[in-house]
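Have a look at protein.txt below; it lists compact mmCIF, C-alpha atoms.
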# COMPACT_ATOMS: atom_id res chain seq x y z
CA MET A 30 -20.34 -29.76 -34.79
CA ILE A 31 -19.50 -28.02 -31.49
CA ALA A 32 -15.87 -27.71 -32.57
CA LEU A 33 -16.99 -26.12 -35.85
CA PHE A 34 -19.08 -23.54 -33.98
CA ILE A 35 -16.14 -22.72 -31.71
CA LEU A 36 -13.80 -22.48 -34.71
CA ILE A 37 -16.13 -19.93 -36.35
CA ILE A 38 -16.47 -17.93 -33.11
CA HIS A 39 -12.72 -17.62 -32.57
CA SER A 40 -12.01 -16.90 -36.24
CA ILE A 41 -14.41 -13.96 -36.21
CA GLU A 42 -13.19 -12.68 -32.85
CA THR A 43 -9.58 -12.87 -34.08
CA LEU A 44 -10.48 -10.90 -37.21
CA ALA A 45 -11.90 -8.18 -34.95
CA TYR A 46 -8.30 -6.94 -34.65
CA ALA A 47 -8.19 -6.50 -38.44
CA VAL A 48 -11.35 -4.38 -38.59
CA ARG A 49 -9.52 -1.25 -37.48
CA LEU A 50 -6.85 -1.96 -40.10
CA SER A 51 -9.51 -1.91 -42.81
CA GLY A 52 -11.25 1.15 -41.35
CA ALA A 53 -8.01 3.10 -41.05
CA ARG A 54 -7.00 2.05 -44.55
CA VAL A 55 -10.06 3.68 -46.13
CA LYS A 56 -10.50 6.26 -43.33
CA LEU A 57 -14.00 5.02 -42.47
CA LEU A 58 -13.51 3.51 -39.01
CA ALA A 59 -17.09 3.97 -37.76
CA SER A 60 -18.48 2.30 -40.90
CA ALA A 61 -15.98 -0.54 -40.47
CA LEU A 62 -17.08 -1.23 -36.89
CA SER A 63 -20.74 -1.03 -37.92
CA LEU A 64 -20.27 -3.54 -40.74
CA PHE A 65 -18.27 -5.87 -38.53
CA ASN A 66 -21.19 -5.99 -36.09
CA VAL A 67 -22.97 -8.09 -38.71
CA MET A 68 -20.19 -10.67 -38.48
CA VAL A 69 -20.29 -10.46 -34.68
CA MET A 70 -24.00 -11.28 -34.85
CA PHE A 71 -23.19 -14.59 -36.58
CA SER A 72 -20.49 -15.23 -33.97
CA ARG A 73 -22.97 -14.66 -31.14
CA LEU A 74 -25.51 -16.94 -32.88
CA ALA A 75 -22.91 -19.69 -33.18
CA ASN A 76 -22.03 -19.20 -29.51
CA MET A 77 -25.66 -19.54 -28.42
CA MET A 78 -26.08 -22.68 -30.53
CA GLN A 79 -22.97 -24.44 -29.24
CA GLN A 80 -23.54 -23.88 -25.52
CA PRO A 81 -26.47 -26.33 -25.08
CA PHE A 82 -24.60 -28.95 -27.12
CA THR A 83 -21.47 -28.45 -25.03
CA GLY A 84 -23.54 -28.86 -21.87
CA SER A 85 -25.02 -32.09 -23.23
CA LEU A 86 -21.50 -33.61 -23.33
CA THR A 87 -21.50 -33.70 -19.53
CA ASP A 88 -25.10 -34.97 -19.35
CA THR A 89 -24.48 -37.85 -21.76
CA ALA A 90 -21.00 -38.77 -20.52
CA PRO A 91 -20.53 -42.44 -19.55
CA LYS A 92 -20.87 -43.28 -15.87
CA GLU A 93 -17.41 -44.83 -15.78
CA ASN A 94 -14.37 -42.56 -16.15
CA THR A 95 -16.67 -39.57 -16.56
CA LEU A 96 -14.06 -36.96 -15.70
CA ALA A 97 -11.47 -38.40 -18.09
CA PHE A 98 -14.01 -38.61 -20.92
CA VAL A 99 -15.27 -35.05 -20.47
CA GLU A 100 -11.73 -33.68 -20.11
CA GLN A 101 -10.75 -35.30 -23.41
CA GLN A 102 -13.80 -33.89 -25.17
CA PHE A 103 -13.28 -30.39 -23.78
CA ARG A 104 -9.60 -30.36 -24.70
CA ILE A 105 -10.62 -31.04 -28.30
CA LEU A 106 -12.92 -28.01 -28.11
CA ILE A 107 -10.09 -25.85 -26.75
CA GLY A 108 -7.99 -27.13 -29.65
CA ALA A 109 -10.75 -25.98 -32.01
CA ALA A 110 -10.41 -22.50 -30.50
CA SER A 111 -6.70 -22.55 -31.37
CA VAL A 112 -7.44 -23.69 -34.92
CA GLY A 113 -10.10 -21.00 -35.30
CA THR A 114 -7.67 -18.33 -34.10
CA LEU A 115 -5.03 -19.58 -36.54
CA VAL A 116 -7.58 -19.48 -39.38
CA GLY A 117 -8.34 -15.86 -38.47
CA ILE A 118 -4.62 -15.01 -38.59
CA LEU A 119 -4.18 -16.69 -42.00
CA LEU A 120 -7.21 -14.80 -43.34
CA LEU A 121 -5.81 -11.42 -42.23
CA PRO A 122 -4.52 -10.12 -45.62
CA THR A 123 -7.58 -11.44 -47.48
CA PHE A 124 -9.96 -10.02 -44.88
CA VAL A 125 -8.36 -6.56 -44.90
CA ALA A 126 -8.46 -6.41 -48.73
CA ILE A 127 -12.07 -7.56 -49.10
CA PHE A 128 -13.43 -5.84 -45.99
CA SER A 129 -11.89 -2.49 -47.00
CA ARG A 130 -13.79 -2.62 -50.27
CA ALA A 131 -16.97 -3.71 -48.50
CA ILE A 132 -16.71 -0.62 -46.24
CA ILE A 133 -16.48 1.65 -49.29
CA HIS A 134 -19.49 -0.04 -50.90
CA LEU A 135 -21.43 0.32 -47.64
CA SER A 136 -20.68 4.05 -47.72
CA GLU A 137 -21.88 4.23 -51.34
CA GLU A 138 -25.10 2.45 -50.35
CA ARG A 139 -25.57 5.00 -47.52
CA GLY A 140 -25.39 2.35 -44.80
CA SER A 141 -27.85 -0.14 -46.29
CA ILE A 142 -26.68 -3.64 -45.31
CA PRO A 143 -29.33 -5.44 -47.51
CA ALA A 144 -28.22 -3.40 -50.55
CA LEU A 145 -24.58 -4.22 -49.78
CA PHE A 146 -25.36 -7.94 -49.53
CA LYS A 147 -27.28 -7.82 -52.81
CA LYS A 148 -24.32 -6.22 -54.54
CA SER A 149 -21.69 -8.39 -52.83
CA PHE A 150 -23.26 -11.69 -53.87
CA SER A 151 -23.51 -10.76 -57.55
CA ILE A 152 -21.31 -12.84 -59.85
CA ASP A 153 -19.17 -9.84 -60.81
CA TYR A 154 -18.32 -8.92 -57.21
CA VAL A 155 -17.71 -12.55 -56.20
CA LYS A 156 -15.15 -12.86 -59.02
CA ARG A 157 -13.42 -9.69 -57.80
CA ALA A 158 -13.35 -10.98 -54.23
CA ILE A 159 -11.76 -14.27 -55.30
CA LYS A 160 -8.86 -12.33 -56.84
CA HIS A 161 -8.08 -10.81 -53.43
CA ILE A 162 -7.79 -14.19 -51.68
CA HIS A 163 -4.18 -14.89 -50.80
CA MET A 164 -2.23 -16.43 -47.97
CA PRO A 165 -0.09 -14.21 -45.75
CA SER A 166 3.60 -14.08 -46.62
CA PHE A 167 6.70 -12.86 -44.83
CA SER A 168 6.54 -9.69 -46.94
CA TYR A 169 3.28 -8.83 -45.13
CA LEU A 170 5.25 -8.75 -41.89
CA LYS A 171 7.88 -6.44 -43.36
CA GLY A 172 8.69 -3.65 -40.95
CA ILE A 173 7.17 -5.48 -37.98
CA SER A 174 9.68 -6.21 -35.22
CA TRP A 175 8.84 -8.27 -32.16
CA ARG A 176 11.16 -5.97 -30.20
CA ASP A 177 8.52 -3.25 -30.61
CA ILE A 178 5.88 -5.33 -28.82
CA PRO A 179 4.61 -3.84 -25.53
CA LEU A 180 5.25 -6.92 -23.39
CA LYS A 181 2.76 -5.98 -20.66
CA LEU A 182 -0.13 -5.60 -23.13
CA PHE A 183 0.87 -8.82 -24.88
CA ILE A 184 0.83 -10.85 -21.65
CA ILE A 185 -2.46 -9.32 -20.49
CA ASN A 186 -4.13 -10.34 -23.74
CA VAL A 187 -2.72 -13.88 -23.49
CA VAL A 188 -4.15 -14.33 -20.00
CA ILE A 189 -7.54 -12.76 -20.80
CA THR A 190 -7.92 -14.91 -23.92
CA ALA A 191 -7.10 -18.05 -21.94
CA ILE A 192 -9.73 -17.22 -19.30
CA TYR A 193 -12.34 -16.40 -21.95
CA THR A 194 -11.60 -19.65 -23.82
CA ILE A 195 -12.10 -21.93 -20.81
CA GLY A 196 -14.81 -19.97 -18.98
CA VAL A 197 -17.75 -22.17 -19.95
CA LEU A 198 -15.76 -25.42 -20.19
CA SER A 199 -14.13 -25.11 -16.75
CA ALA A 200 -17.51 -24.26 -15.21
CA LEU A 201 -19.11 -27.36 -16.73
CA TYR A 202 -16.21 -29.52 -15.57
CA ALA A 203 -16.44 -28.00 -12.09
CA ALA A 204 -20.10 -29.07 -11.99
CA LEU A 205 -18.88 -32.67 -12.23
CA LEU A 206 -16.36 -32.13 -9.44
CA VAL A 207 -19.00 -30.79 -7.04
CA PRO A 208 -22.33 -32.32 -8.17
CA GLU A 209 -24.07 -31.00 -5.05
CA ARG A 210 -23.33 -27.45 -6.26
CA SER A 211 -23.47 -28.13 -10.01
CA ASN A 212 -25.96 -25.38 -10.85
CA THR A 213 -23.87 -22.78 -9.03
CA ALA A 214 -20.75 -23.91 -10.89
CA VAL A 215 -22.42 -23.81 -14.32
CA MET A 216 -23.97 -20.39 -13.78
CA SER A 217 -20.59 -18.94 -12.76
CA SER A 218 -19.41 -19.20 -16.39
CA GLY A 219 -21.33 -16.04 -17.25
CA LEU A 220 -19.51 -14.15 -14.51
CA ILE A 221 -16.10 -15.42 -15.66
CA ASN A 222 -16.65 -14.53 -19.32
CA GLY A 223 -18.18 -11.21 -18.31
CA VAL A 224 -15.09 -10.26 -16.31
CA ALA A 225 -12.81 -11.35 -19.18
CA THR A 226 -14.82 -9.25 -21.63
CA MET A 227 -14.63 -6.22 -19.30
CA LEU A 228 -10.85 -6.59 -19.04
CA LEU A 229 -10.58 -6.68 -22.84
CA ILE A 230 -12.67 -3.52 -23.12
CA ILE A 231 -10.66 -1.73 -20.42
CA PHE A 232 -7.09 -2.75 -21.28
CA ILE A 233 -6.97 -3.83 -24.94
CA ASP A 234 -9.62 -2.17 -27.14
CA PRO A 235 -8.80 1.47 -26.24
CA LYS A 236 -5.12 0.99 -27.11
CA ILE A 237 -5.88 -0.35 -30.60
CA SER A 238 -8.63 2.23 -31.19
CA ILE A 239 -6.27 5.10 -30.37
CA LEU A 240 -3.73 3.77 -32.89
CA ALA A 241 -6.46 3.59 -35.56
CA ASP A 242 -7.58 7.14 -34.80
CA ASP A 243 -3.97 8.33 -35.05
CA VAL A 244 -3.66 6.79 -38.52
CA ILE A 245 -6.88 8.45 -39.73
CA ASN A 246 -5.85 11.81 -38.26
CA GLN A 247 -2.33 11.43 -39.71
CA ARG A 248 -0.72 11.43 -36.28
CA GLY A 249 0.49 7.83 -36.52
CA SER A 250 1.58 5.27 -39.09
CA TYR A 251 -0.42 2.43 -40.61
CA LEU A 252 2.56 0.17 -39.90
CA SER A 253 2.22 0.80 -36.15
CA LEU A 254 -1.44 -0.19 -36.29
CA LYS A 255 -0.63 -3.31 -38.34
CA ARG A 256 2.13 -4.20 -35.89
CA ALA A 257 -0.26 -3.92 -32.95
CA SER A 258 -2.98 -5.93 -34.73
CA VAL A 259 -0.61 -8.77 -35.64
CA MET A 260 0.76 -8.72 -32.10
CA MET A 261 -2.71 -9.04 -30.57
CA MET A 262 -3.59 -11.89 -32.93
CA GLY A 263 -0.40 -13.69 -31.93
CA SER A 264 -1.08 -13.18 -28.24
CA ARG A 265 -4.62 -14.46 -28.74
CA LEU A 266 -3.26 -17.68 -30.29
CA LEU A 267 -0.89 -18.15 -27.34
CA GLY A 268 -3.85 -17.54 -25.04
CA THR A 269 -5.70 -20.54 -26.50
CA PHE A 270 -2.58 -22.65 -25.88
CA LEU A 271 -2.42 -21.41 -22.29
CA ALA A 272 -6.09 -22.35 -21.92
CA GLN A 273 -5.10 -26.03 -22.20
CA LEU A 274 -2.91 -25.61 -19.09
CA LEU A 275 -5.46 -23.58 -17.11
CA PHE A 276 -8.50 -25.72 -17.93
CA ILE A 277 -8.31 -28.18 -14.99
CA PRO A 278 -6.89 -25.70 -12.41
CA GLY A 279 -9.63 -23.27 -13.44
CA ALA A 280 -12.30 -25.93 -12.92
CA LYS A 281 -10.92 -26.81 -9.49
CA TYR A 282 -10.86 -23.14 -8.51
CA ILE A 283 -14.51 -22.68 -9.58
CA ALA A 284 -15.48 -25.84 -7.67
CA TRP A 285 -13.73 -24.51 -4.56
CA PHE A 286 -15.20 -21.05 -4.90
CA THR A 287 -18.83 -22.27 -5.20
CA GLN A 288 -18.86 -23.14 -1.49
CA PHE A 289 -18.86 -19.42 -0.70
CA MET A 290 -21.89 -18.65 -2.88

Show how you would write the structure in this file as structure tokens.
Amino acid sequence: MIALFILIIHSIETLAYAVRLSGARVKLLASALSLFNVMVMFSRLANMMQQPFTGSLTDTAPKENTLAFVEQQFRILIGAASVGTLVGILLLPTFVAIFSRAIIHLSEERGSIPALFKKSFSIDYVKRAIKHIHMPSFSYLKGISWRDIPLKLFIINVVITAIYTIGVLSALYAALLVPERSNTAVMSSGLINGVATMLLIIFIDPKISILADDVINQRGSYLSLKRASVMMMGSRLLGTFLAQLLFIPGAKYIAWFTQFM
């Protein structure tokens, strides 16, 4: 159940890179971001629900081989983050097609989310949405060259994603390493995720937003925006893989750092 929550969270957060694609496609970027906030709300709800359950894994761990047991459980959860990110990547073409139409309908409903939901869940609109479901193909990547990837931005996003993925898990594991400072270790997870979120806002989001604005204002190409979005999704997936390597070192660092608090 925890893995399912984490899968949903990372799928939605991965699709955040596709929101600007949809907004630029129909030239309604502000409406796109507003509509996506509804999806983010479900992501935040899933995140709030999984945290107490994740914490209970350490509380109910067996007395023997506790560290090995918890490490195994947490690595499965990190794996769920990778699967969720991959699901988000596979849903990219479907999401852009359906979400673009949802943005237009939201505009027609003058920003009424309840009216949009009422229309979207009608049999006619569900049938239309099903027709737009398709898996990504190599033709979708046509014109995208990995040589065009800004390496510095790519690496930054990999590292930030890895830190964000293990923030809570490393803090919980650190609490087992230093039981006398367990509360300090657990509470540090908020600081870690907060810093990771700030770095995303400072280094990543403005770059993608500028590309989307350029497309809408006809100063840039849609292909450039798609290239950047696919690149960021790929770097996010690599970040979840890197999280497996940083999980234990991160926990040890948190455990060490709590002595100064």

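Here CA of Ile35 (chain A) and CA of Ala241 (chain A) stand 28.3 Å from one another.
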
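Across the model, the gap from CA of Ala47 (chain A) to CA of Leu266 (chain A) is 14.7 Å.
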
Task: For Ile41 (chain A): contacts at 12 Å, all atoms listed in the file, fewer than 6 positions along chain excluded, given as a ChimeraX atom specification - done: /A:34-35,47-48,65-76,110,113-118,120-121,124,262

Open item on the list: Using only C-alpha atoms, which protein or nucleic acid residues come within 9 Å of Leu206 (chain A)? Drop anything in the same chain fewer than 2 positions from it, and give the result as an MDAnalysis selection string.
Closed with: chainID A and resid 96 202:204 208:211 280:281 284

Open item on the list: List the spatial neighbours of Val125 (chain A) as a VMD selection string - criterion: any atom at most 10 Å away, all atoms listed in the file, same-chain residues fewer than 4 positions off excluded.
Closed with: chain A and resid 44 47 to 52 54 120 to 121 129 to 131 161

Open item on the list: Quick check, in Å to one decimal: how far apart do CA of Leu64 (chain A) and CA of Phe128 (chain A) lie?
Closed with: 8.9 Å

TODO: Have a look at A:Leu228, A:Ile152, A:Val188, A:Ile133 and name the one nearest to Leu275 (chain A); count only C-alpha atoms.
DONE: A:Val188

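With distances restricted to all atoms listed in the file, A:Leu205 is the closest residue to Asn94 (chain A) from A:Val155, A:Leu274, A:Val259, A:Leu205.
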